[in-house]
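Engineer: The structure is given below, and queries will be raised subsequently.
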Amino acid sequence: MKATQIDHALDGTLTPEMELISRIEKMDEETVISRVEDGSLVIMKRDNGRCVAIGRGATTKVNVNLGTSSDTIHPGEEIEKAHIAEKYGADTITDLSMGGDISAIRRSIFGHTSLPITTVPVYQAVVEKGLMDMTADDILSYLKIQVDEGVSSVVLHCVQKKMLERIKGAGRVMGMVSKGGSFTSVFMLSNKCENPFIEHFDEVMEILRKKDVVLSLGNTMRSGCIHDLWDEAHKMEAESNAQLAHKAHEHGVQVIIEGMGGHIQANDIAARVQFYRSLSNYPLFVAGPLPTDIAVGYDHIAGAVGASMASDVGADYLCYITPAEHLSLPSPEQVREGLVAFKIASHIGDSIKYGISGKDLELARKRVRFDWEGQMEHALDPDKPRTMCPDNPGPCTMCGKYCAISIMSNYLAEGN
């Protein structure tokens with residue numbers, strides 16, 4: 001059986017991927033090996049050699065969701081979104097397509113980006129086999145197909161019956177908001193069975209090991225509004241996912257835990273991250289979180305606030321949110337807005353975890369000289385602010401000749 005990154009790390013072997021990550025993340029090689037070995041750092045990779053490190057000591061990464069829906073099927077727009085994701089600094093892409101020729105759409109996305117791609121195999125199983133007709137074999141078959149096609153990571157929702165019993169009487173306002181989790185739950189309830197991913201866990205591990213695909217343990221029990229507080233179902237899933245992550249790691253499968261997703265009161269974010277951290281050292285993936293429910297149309301901003309708070313206290317990997325969240329499939333422009341908001345969040349989180357970036361200093365030095373194009377070179381999204389710059393050298397139009405920097409420049413100049 002082909003060795004995985006974990007297998008190599010256990011042998012003390014530095015793989016080409018580890019060597020690349022060492023350079024990218026400015027982490028010494030021995031540290032990379034040890035963190036891959038203990039599971040606190042994972043390496044998500046494409047067949048083209050593109051590698052992304054997620055976890056302890058790495059910069060906070062940002063994922064972009066895209067894909068068709070049952071109501072909106074424009075494959076060309078999804079390709080445009082993939083281009084935007086790569087151009088504006090996404091680290092990974094998740095294809096959530098549920099409309100049209102899903103396999104063809106996925107192949108097109110593969111062909112138009114070099115970024116690592118994640119999928120949720122149960123989505124395609126539901127669309128092509130039917131929610132009430134699919135079997136466990138069907139679900140595993142789609143997992144195999146997508147792994148063979150070259151996905152870098154898959155999301156599996158490992159909800160259990162005992163969790164469903166707890167959520168039923170929990171009195172939640174929003175109930176269950178995880179799409180993949182709801183599909184898996186309905187399969188279990190309608191077939192009076194346990195979770196197929198857990199029942200066939202060893203087989204799932206063999207499938208993922210085949211191409212060293214990263215397992216992302218989904219967050220079925222996440223909250224859909226900030227009034228749905230932490231409950232027993234949340235706790236049970238967090239503890240179960242930590243146990244499954246450990247089992248996966250023992251199989252040589254790299255693993256990420258999805259937690260903290262959805263809507264969480266701002267004053268609970270730090271405690272939630274700390275709870276997940278108390279259970280394991282595996283990388284923590286958060287969607288949002290959204291610390292308010294009233295930012296409709298601006299959820300990318302609210303989500304970025306929550307994401308920067310989560311990153312500050314230890315989240316490793318952020319899933320972006322767009323202005324269209326809760327409303328519609330996002331447009332390419334909304335994908336850009338959401339991505340840039342979460343790149344800002346990850347940058348703020350990293351500045352707290354690792355110290356202020358030199359990029360901020362370089363931009364400030366350009367700003368004090370009214371070097372507009374120089375500022376754009378250090379901006380996360382240079383295209384939008386470039387349209388707002390003055391046409392002529394000198395201060396911006398906000399202050400004009402009354403610019404504080406200009407007025408005080410001679411007095412504050414060195415040597416005066």
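Going through the structure tokens in order, the chains are called A, B, and so on, while each chain numbers its residues from 1 and the ligands are numbered from 1 in the order shown.
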List every residue of segment 136-385 of chain A that DSSP, applied to the backbone of this structure, places in helix (DSSP H, G or I), and write the result as a VMD selection string.
Structural biologist: chain A and resid 136 to 149 161 to 168 179 to 191 196 to 199 201 to 209 232 to 250 266 to 279 299 to 312 332 to 354 358 to 368 372 to 378 383 to 385
Engineer: Please, which residues of segment 170-280 of chain A, numbered as in this document, come out strand (DSSP E or B) from DSSP, as number ranges by chain?
Structural biologist: A: 214-217, 223, 255-258, 262-263
Engineer: Calculated over only C-alpha atoms, which of the candidates A:Ser185, A:Thr119, A:Thr68, A:Thr60 has the smallest distance to Ala307 of chain A?
Structural biologist: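 Of the candidates, the smallest distance to Ala307 of chain A is held by A:Thr60.
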Engineer: For each of A:Ser178, A:Ser97, A:Gln5, A:Asn191, take the minimum atom-to-atom distance to Ile73 of chain A, counting only C-alpha atoms, then give the residue where this is smallest.
Structural biologist: A:Ser97
Engineer: Let me make sure I understand: among A:Ile6, A:Ile256, A:Ile84, A:Ala58, which one has the smallest atom-to-atom distance to Ser331 of chain A if we use only C-alpha atoms?
Structural biologist: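 The closest residue to Ser331 of chain A is A:Ile84.
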Engineer: List the neighbours of segment 390-404 of chain A out to 12 Å using only C-alpha atoms; skip same-chain residues closer than 5 positions along the sequence, and give me the result as a list in words.
Structural biologist: Lys366, Arg367, Val368, Arg369, Phe370, Asp371, Trp372, Glu373, Pro385, Ser409, Asn410, Tyr411 and Leu412 of chain A
Engineer: Would you put the residues from that selection into a file with C-alpha atoms, as a CSV table (one decimal), in the first residue's frame?
Structural biologist:
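Heads up, here's the output in selection.csv:
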```csv
chain,number,residue,atom,x,y,z
A,366,LYS,CA,3.9,53.9,0.5
A,367,ARG,CA,0.9,55.7,2.0
A,368,VAL,CA,2.9,58.3,3.7
A,369,ARG,CA,4.5,59.2,0.4
A,370,PHE,CA,1.2,59.2,-1.5
A,371,ASP,CA,2.5,56.3,-3.6
A,372,TRP,CA,-0.9,55.1,-4.7
A,373,GLU,CA,0.3,52.3,-7.0
A,385,PRO,CA,-9.1,50.3,-4.4
A,409,SER,CA,5.6,66.4,7.0
A,410,ASN,CA,8.3,69.1,7.2
A,411,TYR,CA,8.1,69.4,11.0
A,412,LEU,CA,8.2,65.6,11.4
```
Engineer: Could you check which of A:His263, A:Arg336, A:Lys235, A:Lys81 is closest to Gly306 of chain A, using only C-alpha atoms?
Structural biologist: A:His263
Engineer: Given only C-alpha atoms, how would the per-residue table for segment 120-231 of chain A near segment 37-51 of chain A read, listing every residue at most 8 Å away with its closest atom pair and distance in Å to one decimal, sorted by chain and number, as CSV?
Structural biologist:
```
residue,atom,partner,partner_atom,distance
A:Gly150,CA,A:Asp47,CA,7.0
A:Val151,CA,A:Arg46,CA,7.5
A:Ser152,CA,A:Lys45,CA,5.7
A:Ser153,CA,A:Met44,CA,7.1
A:Val213,CA,A:Met44,CA,7.5
A:Val214,CA,A:Met44,CA,6.5
```
Engineer: Could the residues in this selection be saved with N, CA and C atoms as an mmCIF file, in the first residue's frame?
Structural biologist:
```cif
data_model
loop_
_atom_site.group_PDB
_atom_site.id
_atom_site.type_symbol
_atom_site.label_atom_id
_atom_site.label_comp_id
_atom_site.auth_asym_id
_atom_site.auth_seq_id
_atom_site.Cartn_x
_atom_site.Cartn_y
_atom_site.Cartn_z
ATOM 1 N N GLY A 150 -9.059 12.714 -8.251
ATOM 2 C CA GLY A 150 -7.982 13.593 -7.790
ATOM 3 C C GLY A 150 -8.355 14.660 -6.792
ATOM 4 N N VAL A 151 -9.479 14.494 -6.067
ATOM 5 C CA VAL A 151 -9.803 15.487 -5.042
ATOM 6 C C VAL A 151 -8.730 15.447 -3.956
ATOM 7 N N SER A 152 -8.537 16.566 -3.321
ATOM 8 C CA SER A 152 -7.513 16.675 -2.279
ATOM 9 C C SER A 152 -8.065 16.370 -0.900
ATOM 10 N N SER A 153 -9.382 16.552 -0.744
ATOM 11 C CA SER A 153 -10.018 16.371 0.552
ATOM 12 C C SER A 153 -11.493 16.051 0.342
ATOM 13 N N VAL A 213 -5.702 11.366 0.555
ATOM 14 C CA VAL A 213 -6.737 12.398 0.586
ATOM 15 C C VAL A 213 -7.034 12.770 2.031
ATOM 16 N N VAL A 214 -7.159 14.056 2.302
ATOM 17 C CA VAL A 214 -7.422 14.544 3.658
ATOM 18 C C VAL A 214 -8.898 14.352 3.996
#
```
Engineer: Can you list, as a ChimeraX atom specification, every protein, DNA or RNA residue that comes within 12 Å of Leu229 of chain A when you count only C-alpha atoms, leaving out same-chain residues fewer than 4 positions away?
Structural biologist: /A:167,170-175,221-225,233-235,260,262-269,272,291
Engineer: Considering only C-alpha atoms, state which residue in the set A:Pro382, A:Pro330, A:Gly314, A:Gly76 is at the smallest distance from Ile352 of chain A.
Structural biologist: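 Answer, going by the shortest atom-to-atom distance: A:Gly314.
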Engineer: Please, what distance in Å, to one decimal, runs between atom CA of Cys158 of chain A and atom CA of Asp7 of chain A?
Structural biologist: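 Value for the atom CA of Cys158 of chain A-atom CA of Asp7 of chain A distance: 24.5 Å.
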Engineer: May I ask which of the residues A:Lys26, A:Asn195, A:Asp133, A:Ala125 is the closest one to Tyr354 of chain A, counting only C-alpha atoms?
Structural biologist: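 Between A:Lys26, A:Asn195, A:Asp133, A:Ala125, the residue approaching Tyr354 of chain A most closely is A:Lys26.
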Engineer: Applying 10 Å and only C-alpha atoms, which residues near Gln124 of chain A remain after dropping the ones on its own chain fewer than 4 positions away? List them as a ChimeraX atom specification.
Structural biologist: /A:96-99,101-103,119-120,128-130,138-139,142-143,146
Engineer: Mind dumping the selected residues with N, CA and C atoms as a compact mmCIF listing (two decimals), in the first residue's frame?
Structural biologist:
```txt
# COMPACT_ATOMS: atom_id res chain seq x y z
N LEU A 96 -19.43 22.18 -4.36
CA LEU A 96 -20.67 21.68 -3.76
C LEU A 96 -21.76 21.50 -4.80
N SER A 97 -21.40 21.26 -6.04
CA SER A 97 -22.38 21.20 -7.13
C SER A 97 -23.45 20.14 -6.87
N MET A 98 -24.71 20.54 -7.10
CA MET A 98 -25.85 19.62 -6.97
C MET A 98 -26.83 19.79 -8.12
N GLY A 99 -26.36 20.34 -9.24
CA GLY A 99 -27.21 20.50 -10.40
C GLY A 99 -26.41 20.34 -11.67
N ASP A 101 -24.57 18.29 -14.89
CA ASP A 101 -23.66 17.15 -14.97
C ASP A 101 -22.55 17.37 -13.95
N ILE A 102 -22.75 16.86 -12.76
CA ILE A 102 -21.86 17.15 -11.63
C ILE A 102 -20.43 16.72 -11.91
N SER A 103 -20.26 15.54 -12.49
CA SER A 103 -18.90 15.05 -12.76
C SER A 103 -18.19 15.93 -13.78
N THR A 119 -14.56 17.96 -1.89
CA THR A 119 -15.94 17.65 -2.27
C THR A 119 -16.67 17.04 -1.07
N VAL A 120 -18.01 16.94 -1.21
CA VAL A 120 -18.85 16.25 -0.24
C VAL A 120 -19.54 15.13 -1.01
N GLU A 128 -27.94 11.89 -7.90
CA GLU A 128 -27.96 10.90 -8.98
C GLU A 128 -28.62 9.58 -8.60
N LYS A 129 -28.74 9.31 -7.30
CA LYS A 129 -29.39 8.07 -6.87
C LYS A 129 -30.72 8.32 -6.15
N GLY A 130 -30.88 9.52 -5.62
CA GLY A 130 -32.10 9.84 -4.90
C GLY A 130 -31.92 9.68 -3.40
N ASP A 138 -23.78 2.89 -2.72
CA ASP A 138 -23.79 4.06 -3.61
C ASP A 138 -22.93 5.18 -3.02
N ILE A 139 -23.12 5.44 -1.74
CA ILE A 139 -22.39 6.53 -1.10
C ILE A 139 -20.89 6.27 -1.16
N TYR A 142 -19.44 6.76 -4.75
CA TYR A 142 -19.14 8.15 -5.14
C TYR A 142 -17.88 8.66 -4.44
N LEU A 143 -17.66 8.20 -3.22
CA LEU A 143 -16.42 8.55 -2.54
C LEU A 143 -15.22 8.03 -3.34
N GLN A 146 -14.67 10.06 -6.67
CA GLN A 146 -14.11 11.40 -6.49
C GLN A 146 -12.66 11.34 -6.03
```
Engineer: Which value, in Å to one decimal, gives the distance between atom CA of Gly303 of chain A and atom CA of Leu290 of chain A?
Structural biologist: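 Interatomic distance here is 4.6 Å.
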Engineer: Each residue of segment 84-203 of chain A lying at most 9 Å from segment 237-240 of chain A should get a row with its shortest atom-to-atom pair and the distance in Å to one decimal, counting only C-alpha atoms; could you produce that, ordered by chain and increasing number, as a tab-separated table?
Structural biologist:
```
residue	atom	partner	partner_atom	distance
A:Cys158	CA	A:Glu237	CA	8.2
A:Val159	CA	A:Glu237	CA	6.9
A:Gln160	CA	A:Glu237	CA	8.1
A:Met163	CA	A:Glu237	CA	7.1
```
